[in-house]
>>> print(open('start.txt').read())   # compact mmCIF, C-alpha atoms and all ligand atoms
# COMPACT_ATOMS: atom_id res chain seq x y z
CA THR A 1 -30.68 -56.26 43.40
CA GLU A 2 -33.63 -58.62 43.65
CA ARG A 3 -35.67 -56.23 41.56
CA LYS A 4 -32.81 -55.93 39.05
CA LEU A 5 -32.62 -59.68 38.64
CA LYS A 6 -36.32 -59.94 37.98
CA GLU A 7 -36.06 -57.24 35.38
CA SER A 8 -33.21 -58.93 33.52
CA GLU A 9 -34.99 -62.28 33.66
CA LYS A 10 -38.01 -60.67 32.15
CA LEU A 11 -35.94 -59.11 29.39
CA SER A 12 -34.19 -62.33 28.47
CA LEU A 13 -37.49 -64.16 28.34
CA VAL A 14 -38.87 -61.52 26.03
CA GLY A 15 -35.67 -61.82 23.99
CA GLU A 16 -36.05 -65.55 23.56
CA LEU A 17 -39.64 -65.22 22.50
CA ALA A 18 -38.72 -62.47 20.10
CA SER A 19 -35.97 -64.39 18.35
CA GLY A 20 -38.25 -67.38 17.90
CA VAL A 21 -41.30 -65.59 16.64
CA ALA A 22 -40.32 -62.32 14.97
CA HIS A 23 -38.95 -63.74 11.75
CA GLU A 24 -41.85 -66.15 11.41
CA ILE A 25 -44.35 -63.31 11.60
CA ARG A 26 -42.57 -61.14 9.07
CA ASN A 27 -42.93 -63.35 6.01
CA PRO A 28 -46.68 -63.92 6.08
CA LEU A 29 -47.10 -60.23 6.87
CA THR A 30 -45.26 -59.26 3.73
CA SER A 31 -47.58 -61.34 1.58
CA LEU A 32 -50.66 -60.05 3.44
CA LYS A 33 -49.56 -56.49 2.77
CA GLY A 34 -48.84 -57.24 -0.87
CA PHE A 35 -52.19 -58.85 -1.61
CA THR A 36 -54.11 -56.22 0.35
CA LYS A 37 -52.45 -53.59 -1.81
CA ILE A 38 -53.41 -55.43 -5.00
CA ILE A 39 -57.07 -55.67 -3.92
CA TYR A 40 -56.98 -51.98 -2.97
CA GLN A 41 -55.78 -51.06 -6.44
CA LYS A 42 -58.48 -53.17 -8.12
CA THR A 43 -61.32 -51.97 -5.92
CA ARG A 44 -63.64 -49.19 -7.09
CA ASP A 45 -65.92 -49.22 -4.03
CA LYS A 46 -65.11 -46.30 -1.74
CA THR A 47 -66.06 -47.98 1.55
CA ASN A 48 -64.03 -51.06 0.70
CA LYS A 49 -61.09 -48.84 -0.13
CA GLU A 50 -61.39 -47.30 3.33
CA TYR A 51 -61.42 -50.72 4.98
CA LEU A 52 -58.41 -51.83 2.97
CA THR A 53 -56.52 -48.68 3.95
CA ILE A 54 -57.15 -49.49 7.60
CA MET A 55 -55.97 -53.05 7.00
CA MET A 56 -52.73 -51.84 5.42
CA ASP A 57 -52.12 -49.41 8.30
CA GLU A 58 -52.68 -52.17 10.81
CA ILE A 59 -50.31 -54.48 8.95
CA ASP A 60 -47.70 -51.72 9.08
CA ARG A 61 -48.26 -51.44 12.80
CA ILE A 62 -47.72 -55.16 13.36
CA ASN A 63 -44.60 -54.91 11.23
CA PHE A 64 -43.30 -52.05 13.37
CA ILE A 65 -43.91 -53.94 16.60
CA VAL A 66 -42.21 -57.03 15.22
CA SER A 67 -39.20 -55.07 14.08
CA GLU A 68 -38.85 -53.58 17.58
CA PHE A 69 -38.76 -57.13 18.88
CA MET A 70 -36.20 -58.29 16.36
CA VAL A 71 -33.64 -56.08 18.09
CA LEU A 72 -33.93 -58.40 21.04
CA SER A 73 -33.12 -61.45 18.97
CA LYS A 74 -29.86 -63.34 19.06
CA PRO A 75 -26.89 -61.06 19.75
CA HIS A 76 -24.55 -62.93 17.39
CA LEU A 77 -26.51 -61.52 14.46
CA VAL A 78 -25.38 -58.10 15.55
CA LYS A 79 -22.28 -56.46 14.11
CA PHE A 80 -20.34 -54.05 16.26
CA THR A 81 -18.24 -51.45 14.48
CA SER A 82 -16.39 -48.36 15.52
CA SER A 83 -18.64 -45.31 15.14
CA ASP A 84 -18.60 -41.65 15.99
CA LEU A 85 -21.61 -41.01 18.21
CA SER A 86 -21.73 -37.33 17.33
CA SER A 87 -22.44 -38.13 13.70
CA VAL A 88 -24.95 -40.81 14.66
CA LEU A 89 -26.68 -38.22 16.84
CA HIS A 90 -26.55 -35.64 14.08
CA SER A 91 -28.29 -37.91 11.59
CA VAL A 92 -31.03 -38.84 14.05
CA VAL A 93 -31.67 -35.24 15.08
CA THR A 94 -31.83 -34.16 11.44
CA LEU A 95 -34.41 -36.86 10.81
CA LEU A 96 -36.53 -36.01 13.85
CA LYS A 97 -36.44 -32.26 13.31
CA THR A 98 -38.82 -32.77 10.39
CA GLN A 99 -41.27 -34.23 12.90
CA ALA A 100 -40.58 -31.64 15.59
CA VAL A 101 -41.37 -28.68 13.32
CA LEU A 102 -44.92 -29.96 12.96
CA LYS A 103 -45.39 -29.15 16.66
CA ASN A 104 -43.15 -26.11 16.45
CA ILE A 105 -40.70 -27.82 18.80
CA GLU A 106 -37.05 -26.89 18.78
CA ILE A 107 -34.36 -29.53 19.35
CA LEU A 108 -31.21 -27.90 20.69
CA THR A 109 -28.02 -29.92 20.55
CA ALA A 110 -24.91 -29.24 22.59
CA ILE A 111 -21.74 -31.19 21.87
CA VAL A 112 -18.99 -30.81 24.43
CA GLY A 113 -15.65 -32.24 23.35
CA ASN A 114 -14.60 -34.03 20.20
CA ASP A 115 -13.92 -37.68 20.95
CA PHE A 116 -17.08 -39.76 20.68
CA LEU A 117 -15.78 -42.99 19.23
CA THR A 118 -17.54 -46.07 20.49
CA THR A 119 -17.83 -49.70 19.47
CA CYS A 120 -21.46 -50.23 18.71
CA GLU A 121 -24.22 -51.57 16.51
CA GLU A 122 -24.94 -48.27 14.82
CA ASN A 123 -28.51 -49.05 13.75
CA GLN A 124 -29.43 -50.10 17.25
CA ILE A 125 -27.97 -46.96 18.76
CA LYS A 126 -29.91 -44.96 16.18
CA GLN A 127 -33.04 -46.78 17.22
CA VAL A 128 -32.44 -45.86 20.87
CA LEU A 129 -31.98 -42.20 19.97
CA VAL A 130 -35.10 -42.19 17.81
CA ASN A 131 -37.16 -43.87 20.57
CA VAL A 132 -36.04 -41.49 23.29
CA ILE A 133 -36.20 -38.23 21.34
CA LYS A 134 -39.56 -39.23 19.86
CA ASN A 135 -40.92 -39.78 23.36
CA SER A 136 -39.77 -36.27 24.23
CA ILE A 137 -41.42 -34.81 21.14
CA GLU A 138 -44.65 -36.61 22.02
CA ALA A 139 -44.50 -35.35 25.61
CA THR A 140 -43.70 -31.73 24.75
CA PRO A 141 -46.45 -29.18 24.15
CA ASP A 142 -46.45 -27.08 20.98
CA GLY A 143 -43.66 -24.56 20.90
CA GLY A 144 -41.56 -26.33 23.54
CA LYS A 145 -37.87 -27.14 23.53
CA ILE A 146 -35.86 -30.35 23.80
CA TYR A 147 -32.23 -30.30 24.87
CA VAL A 148 -29.79 -32.96 23.73
CA LYS A 149 -26.32 -32.95 25.20
CA LEU A 150 -23.37 -35.12 24.19
CA GLU A 151 -20.25 -35.23 26.37
CA SER A 152 -17.31 -37.50 26.98
CA ASP A 153 -14.58 -38.08 29.51
CA ASN A 154 -11.63 -40.47 29.34
CA SER A 155 -13.65 -43.64 29.28
CA THR A 156 -17.31 -42.83 28.82
CA ILE A 157 -19.65 -41.06 26.44
CA SER A 158 -22.74 -39.48 27.99
CA LEU A 159 -25.87 -38.50 26.19
CA THR A 160 -28.60 -36.57 27.98
CA ILE A 161 -32.04 -35.87 26.54
CA ILE A 162 -34.03 -33.30 28.48
CA ASP A 163 -37.59 -32.25 27.84
CA GLU A 164 -39.99 -29.93 29.65
CA GLY A 165 -43.04 -31.95 28.74
CA VAL A 166 -45.81 -33.69 30.65
CA GLY A 167 -43.45 -35.85 32.70
CA ILE A 168 -44.25 -39.19 34.29
CA SER A 169 -46.24 -39.76 37.50
CA MET A 170 -44.65 -41.76 40.32
CA GLU A 171 -47.30 -44.40 39.76
CA ASP A 172 -46.49 -44.81 36.05
CA MET A 173 -42.75 -44.62 36.71
CA LYS A 174 -42.86 -48.07 38.34
CA GLN A 175 -44.05 -49.55 35.08
CA ILE A 176 -42.03 -47.64 32.52
CA GLY A 177 -39.94 -50.11 30.53
CA ASN A 178 -42.24 -53.04 31.12
CA PRO A 179 -43.20 -54.63 27.80
CA PHE A 180 -46.33 -52.99 26.38
CA PHE A 181 -46.69 -50.41 29.14
CA THR A 182 -47.92 -47.26 27.44
CA THR A 183 -50.03 -44.25 28.38
CA LYS A 184 -50.60 -43.33 24.73
CA THR A 185 -53.58 -44.38 22.64
CA GLU A 186 -51.31 -45.16 19.71
CA GLY A 187 -48.32 -46.32 21.76
CA THR A 188 -46.65 -49.72 21.66
CA GLY A 189 -44.97 -49.59 25.06
CA LEU A 190 -41.85 -51.13 23.59
CA GLY A 191 -39.54 -48.15 23.04
CA ILE A 192 -38.04 -47.87 26.51
CA MET A 193 -37.74 -51.61 27.02
CA VAL A 194 -35.92 -52.09 23.72
CA SER A 195 -33.71 -49.04 24.30
CA LYS A 196 -32.67 -50.24 27.75
CA LYS A 197 -31.87 -53.67 26.39
CA ILE A 198 -29.74 -52.22 23.59
CA ILE A 199 -27.79 -49.93 25.91
CA HIS A 200 -27.17 -52.76 28.37
CA ASN A 201 -25.92 -54.90 25.47
CA HIS A 202 -23.40 -52.12 24.88
CA ASN A 203 -22.25 -52.26 28.51
CA GLY A 204 -23.88 -48.92 29.08
CA ASN A 205 -26.42 -47.39 31.41
CA PHE A 206 -29.89 -46.10 30.72
CA VAL A 207 -31.56 -43.99 33.39
CA ILE A 208 -34.87 -42.17 33.16
CA LYS A 209 -35.85 -39.47 35.66
CA SER A 210 -39.03 -37.51 35.56
CA THR A 211 -41.27 -35.12 37.43
CA GLN A 212 -44.90 -34.88 36.48
CA ASN A 213 -45.77 -31.63 34.74
CA LYS A 214 -42.10 -30.59 34.82
CA GLY A 215 -40.35 -32.85 32.35
CA THR A 216 -38.21 -35.86 31.78
CA THR A 217 -34.48 -36.50 31.56
CA VAL A 218 -33.00 -39.59 29.98
CA SER A 219 -29.31 -40.20 30.69
CA ILE A 220 -27.44 -42.70 28.58
CA THR A 221 -23.80 -43.63 29.02
CA ILE A 222 -21.77 -46.00 26.92
CA PRO A 223 -18.07 -46.83 27.06
CA LYS A 224 -15.68 -45.31 24.57
CA THR A 225 -13.96 -47.62 22.14
CA ASN A 226 -11.34 -49.62 23.88
CA LYS A 227 -8.52 -50.81 21.66
CA ALA A 228 -8.51 -54.42 22.79
CA ARG A 229 -12.22 -54.82 22.39
CA GLN A 230 -12.19 -53.17 18.99
CA GLU A 231 -9.59 -55.61 17.66
CA LEU A 232 -11.54 -58.51 19.02
CA THR A 233 -14.67 -57.29 17.28
CA GLU A 234 -12.90 -56.73 13.99
CA ASN A 235 -11.49 -60.26 14.03
CA ASN A 236 -14.95 -61.62 14.57
CA ILE A 237 -16.41 -59.97 11.52
CA SER A 238 -16.37 -62.45 8.67
P1 LIG A 301 -44.68 -45.64 23.85
O1 LIG A 301 -43.94 -44.39 23.47
O2 LIG A 301 -45.08 -46.45 22.66
O3 LIG A 301 -45.80 -45.40 24.80
P2 LIG A 301 -42.28 -46.22 25.34
O4 LIG A 301 -41.70 -47.47 25.87
O5 LIG A 301 -41.43 -45.41 24.42
O6 LIG A 301 -43.65 -46.60 24.65
O7 LIG A 301 -42.71 -45.31 26.55
C1 LIG A 301 -43.54 -45.85 27.57
C2 LIG A 301 -44.26 -44.78 28.35
O8 LIG A 301 -43.31 -44.00 29.09
C3 LIG A 301 -44.99 -43.76 27.50
O9 LIG A 301 -46.28 -44.20 27.14
C4 LIG A 301 -45.04 -42.55 28.43
O10 LIG A 301 -46.08 -42.67 29.36
C5 LIG A 301 -43.74 -42.67 29.21
N1 LIG A 301 -42.67 -41.79 28.68
C6 LIG A 301 -41.56 -42.17 28.02
N2 LIG A 301 -40.79 -41.11 27.72
C7 LIG A 301 -41.43 -40.02 28.18
C8 LIG A 301 -41.16 -38.60 28.18
N3 LIG A 301 -40.06 -38.10 27.62
N4 LIG A 301 -42.07 -37.79 28.80
C9 LIG A 301 -43.18 -38.29 29.37
N5 LIG A 301 -43.50 -39.59 29.40
C10 LIG A 301 -42.64 -40.46 28.82
MG MG A 302 -42.04 -44.36 22.61
>>> encode(input="start.txt", output="structure tokens")
Amino acid sequence: TERKLKESEKLSLVGELASGVAHEIRNPLTSLKGFTKIIYQKTRDKTNKEYLTIMMDEIDRINFIVSEFMVLSKPHLVKFTSSDLSSVLHSVVTLLKTQAVLKNIEILTAIVGNDFLTTCEENQIKQVLVNVIKNSIEATPDGGKIYVKLESDNSTISLTIIDEGVGISMEDMKQIGNPFFTTKTEGTGLGIMVSKKIIHNHNGNFVIKSTQNKGTTVSITIPKTNKARQELTENNIS
């Protein structure tokens, strides 16, 4: 429990920083991107065009990192609605399949049951699914398979993402989910941290298990919609 406390303290600190800073960074970034684009369009010089392309890519990268952080900002900005997780999952998998085909990876979905109604911030849940499935795509060698399973019982919806990719070493496992911990050259090390935070905000659980060179399993559970809570949420929406 001591370790748990530390982890949640760390997350709330990151959250506070994020809410203070994220919006402030976004506005100047937008104008930087805009003016860089204008110069790019006016420039004839090929080398300068290359530099400006790099600048625009880097601005996009900052923007991406900032938007990951904005999820951690004040929870009252978030709107919970009743959503069907199977259709949320479907839209994310459809989106990511276009990326998976580039590596000849197959994403196999199994849906067991038919009641997947939950009270959630749909965009945030989408972001979690994108983060987790993308990690699996990145970890899986060409031609591999990723299994996504959605199930529910009386009170809980479970989502399991299984890959047979590179896995995570015991050493790295200790650090997974720490802000900025990444083993990828182009990684941000924010995906797992943000996903965990989102799922915990939904009163759910996020567990990652992995064996090096065997693969990784991410298990997510979130509560089904509960009538009382749904009414409360609806009354709060202005
Ligand atoms: P990023 O993907 O930008 O590196 P994440 O927070 O999404 O950041 O993941 C952190 C690290 O956890 C990754 O760099 C990788 O080492 C490890 N990881 C996450 N998911 C998987 C997976 N499915 N298979 C192997 N390693 C993973
Ligand atoms: Mg990631």
>>> residues_around(input="start.txt", residues="A:Leu85", least_positions_apart="3", cutoff="10 Å", atoms="all atoms listed in the file", output="list of chain:residue names")
A:Ser82, A:Val88, A:Leu89, A:His90, A:Ser91, A:Asp115, A:Phe116, A:Leu117, A:Thr118, A:Thr119, A:Cys120, A:Glu122, A:Ile125, A:Lys126, A:Leu150, A:Ile157, A:Ser158, A:Leu159, A:Lys224
>>> closest_atom_pairs(input="start.txt", of="chain A", to="ligand LIG 301 (chain A)", cutoff="9 Å", atoms="only C-alpha atoms and all ligand atoms", output="JSON lines")
{"residue": "A:Asn131", "atom": "CA", "partner": "A:LIG301", "partner_atom": "O5", "distance": 6.0}
{"residue": "A:Val132", "atom": "CA", "partner": "A:LIG301", "partner_atom": "N2", "distance": 6.5}
{"residue": "A:Ile133", "atom": "CA", "partner": "A:LIG301", "partner_atom": "N3", "distance": 7.4}
{"residue": "A:Lys134", "atom": "CA", "partner": "A:LIG301", "partner_atom": "O1", "distance": 7.7}
{"residue": "A:Asn135", "atom": "CA", "partner": "A:LIG301", "partner_atom": "N2", "distance": 4.6}
{"residue": "A:Ser136", "atom": "CA", "partner": "A:LIG301", "partner_atom": "N3", "distance": 3.9}
{"residue": "A:Ile137", "atom": "CA", "partner": "A:LIG301", "partner_atom": "N3", "distance": 7.4}
{"residue": "A:Glu138", "atom": "CA", "partner": "A:LIG301", "partner_atom": "N4", "distance": 7.3}
{"residue": "A:Ala139", "atom": "CA", "partner": "A:LIG301", "partner_atom": "N4", "distance": 4.7}
{"residue": "A:Thr140", "atom": "CA", "partner": "A:LIG301", "partner_atom": "N4", "distance": 7.5}
{"residue": "A:Ile161", "atom": "CA", "partner": "A:LIG301", "partner_atom": "N3", "distance": 8.4}
{"residue": "A:Ile162", "atom": "CA", "partner": "A:LIG301", "partner_atom": "N3", "distance": 7.8}
{"residue": "A:Asp163", "atom": "CA", "partner": "A:LIG301", "partner_atom": "N3", "distance": 6.4}
{"residue": "A:Glu164", "atom": "CA", "partner": "A:LIG301", "partner_atom": "N4", "distance": 8.2}
{"residue": "A:Gly165", "atom": "CA", "partner": "A:LIG301", "partner_atom": "N4", "distance": 5.9}
{"residue": "A:Val166", "atom": "CA", "partner": "A:LIG301", "partner_atom": "C9", "distance": 5.5}
{"residue": "A:Gly167", "atom": "CA", "partner": "A:LIG301", "partner_atom": "C9", "distance": 4.1}
{"residue": "A:Ile168", "atom": "CA", "partner": "A:LIG301", "partner_atom": "N5", "distance": 5.0}
{"residue": "A:Ser169", "atom": "CA", "partner": "A:LIG301", "partner_atom": "N5", "distance": 8.6}
{"residue": "A:Asp172", "atom": "CA", "partner": "A:LIG301", "partner_atom": "O10", "distance": 7.0}
{"residue": "A:Met173", "atom": "CA", "partner": "A:LIG301", "partner_atom": "O8", "distance": 7.7}
{"residue": "A:Gln175", "atom": "CA", "partner": "A:LIG301", "partner_atom": "O8", "distance": 8.2}
{"residue": "A:Ile176", "atom": "CA", "partner": "A:LIG301", "partner_atom": "O8", "distance": 5.2}
{"residue": "A:Gly177", "atom": "CA", "partner": "A:LIG301", "partner_atom": "O4", "distance": 5.6}
{"residue": "A:Asn178", "atom": "CA", "partner": "A:LIG301", "partner_atom": "O4", "distance": 7.7}
{"residue": "A:Pro179", "atom": "CA", "partner": "A:LIG301", "partner_atom": "O4", "distance": 7.6}
{"residue": "A:Phe180", "atom": "CA", "partner": "A:LIG301", "partner_atom": "O6", "distance": 7.1}
{"residue": "A:Phe181", "atom": "CA", "partner": "A:LIG301", "partner_atom": "C1", "distance": 5.8}
{"residue": "A:Thr182", "atom": "CA", "partner": "A:LIG301", "partner_atom": "O9", "distance": 3.5}
{"residue": "A:Thr183", "atom": "CA", "partner": "A:LIG301", "partner_atom": "O9", "distance": 4.0}
{"residue": "A:Lys184", "atom": "CA", "partner": "A:LIG301", "partner_atom": "O9", "distance": 5.0}
{"residue": "A:Thr185", "atom": "CA", "partner": "A:LIG301", "partner_atom": "O3", "distance": 8.1}
{"residue": "A:Glu186", "atom": "CA", "partner": "A:LIG301", "partner_atom": "O2", "distance": 7.0}
{"residue": "A:Gly187", "atom": "CA", "partner": "A:LIG301", "partner_atom": "O2", "distance": 3.4}
{"residue": "A:Thr188", "atom": "CA", "partner": "A:LIG301", "partner_atom": "O2", "distance": 3.8}
{"residue": "A:Gly189", "atom": "CA", "partner": "A:LIG301", "partner_atom": "O6", "distance": 3.3}
{"residue": "A:Leu190", "atom": "CA", "partner": "A:LIG301", "partner_atom": "O4", "distance": 4.3}
{"residue": "A:Gly191", "atom": "CA", "partner": "A:LIG301", "partner_atom": "O5", "distance": 3.6}
{"residue": "A:Ile192", "atom": "CA", "partner": "A:LIG301", "partner_atom": "O4", "distance": 3.7}
{"residue": "A:Met193", "atom": "CA", "partner": "A:LIG301", "partner_atom": "O4", "distance": 5.8}
{"residue": "A:Val194", "atom": "CA", "partner": "A:LIG301", "partner_atom": "O4", "distance": 7.7}
{"residue": "A:Ser195", "atom": "CA", "partner": "A:LIG301", "partner_atom": "O4", "distance": 8.3}
{"residue": "A:Ile208", "atom": "CA", "partner": "A:LIG301", "partner_atom": "N2", "distance": 8.1}
{"residue": "A:Ser210", "atom": "CA", "partner": "A:LIG301", "partner_atom": "N4", "distance": 7.4}
{"residue": "A:Thr211", "atom": "CA", "partner": "A:LIG301", "partner_atom": "C9", "distance": 8.9}
{"residue": "A:Gln212", "atom": "CA", "partner": "A:LIG301", "partner_atom": "C9", "distance": 8.1}
{"residue": "A:Asn213", "atom": "CA", "partner": "A:LIG301", "partner_atom": "C9", "distance": 8.9}
{"residue": "A:Gly215", "atom": "CA", "partner": "A:LIG301", "partner_atom": "N4", "distance": 6.3}
{"residue": "A:Thr216", "atom": "CA", "partner": "A:LIG301", "partner_atom": "N3", "distance": 5.1}
{"residue": "A:Thr217", "atom": "CA", "partner": "A:LIG301", "partner_atom": "N3", "distance": 7.0}
{"residue": "A:Val218", "atom": "CA", "partner": "A:LIG301", "partner_atom": "N3", "distance": 7.6}
>>> closest_residue(input="start.txt", among="A:Asp57, A:Asp84, A:Glu121, A:Glu106", to="A:Ile198", atoms="only C-alpha atoms")
A:Glu121
>>> residues_near_point(input="start.txt", point="(-50.4, -53.7, 0.1)", cutoff="10 Å", atoms="all atoms listed in the file", output="ChimeraX atom specification")
/A:29-41,52-53,55-57,59-60
>>> closest_residue(input="start.txt", among="A:Glu171, A:Asp142, A:Glu24, A:Glu151", to="A:Val66", atoms="all atoms listed in the file")
A:Glu24
>>> closest_residue(input="start.txt", among="A:Lys103, A:Thr47, A:Met170, A:Ile65", to="ligand MG 302 (chain A)", atoms="all atoms listed in the file")
A:Ile65
>>> closest_residue(input="start.txt", among="A:Gln127, A:Thr225, A:Asn27, A:Asn63", to="ligand MG 302 (chain A)", atoms="all atoms listed in the file")
A:Gln127
>>> atom_distance(input="start.txt", atom1="atom CA of A:Gly113", atom2="atom CA of A:Ser219")
17.4 Å
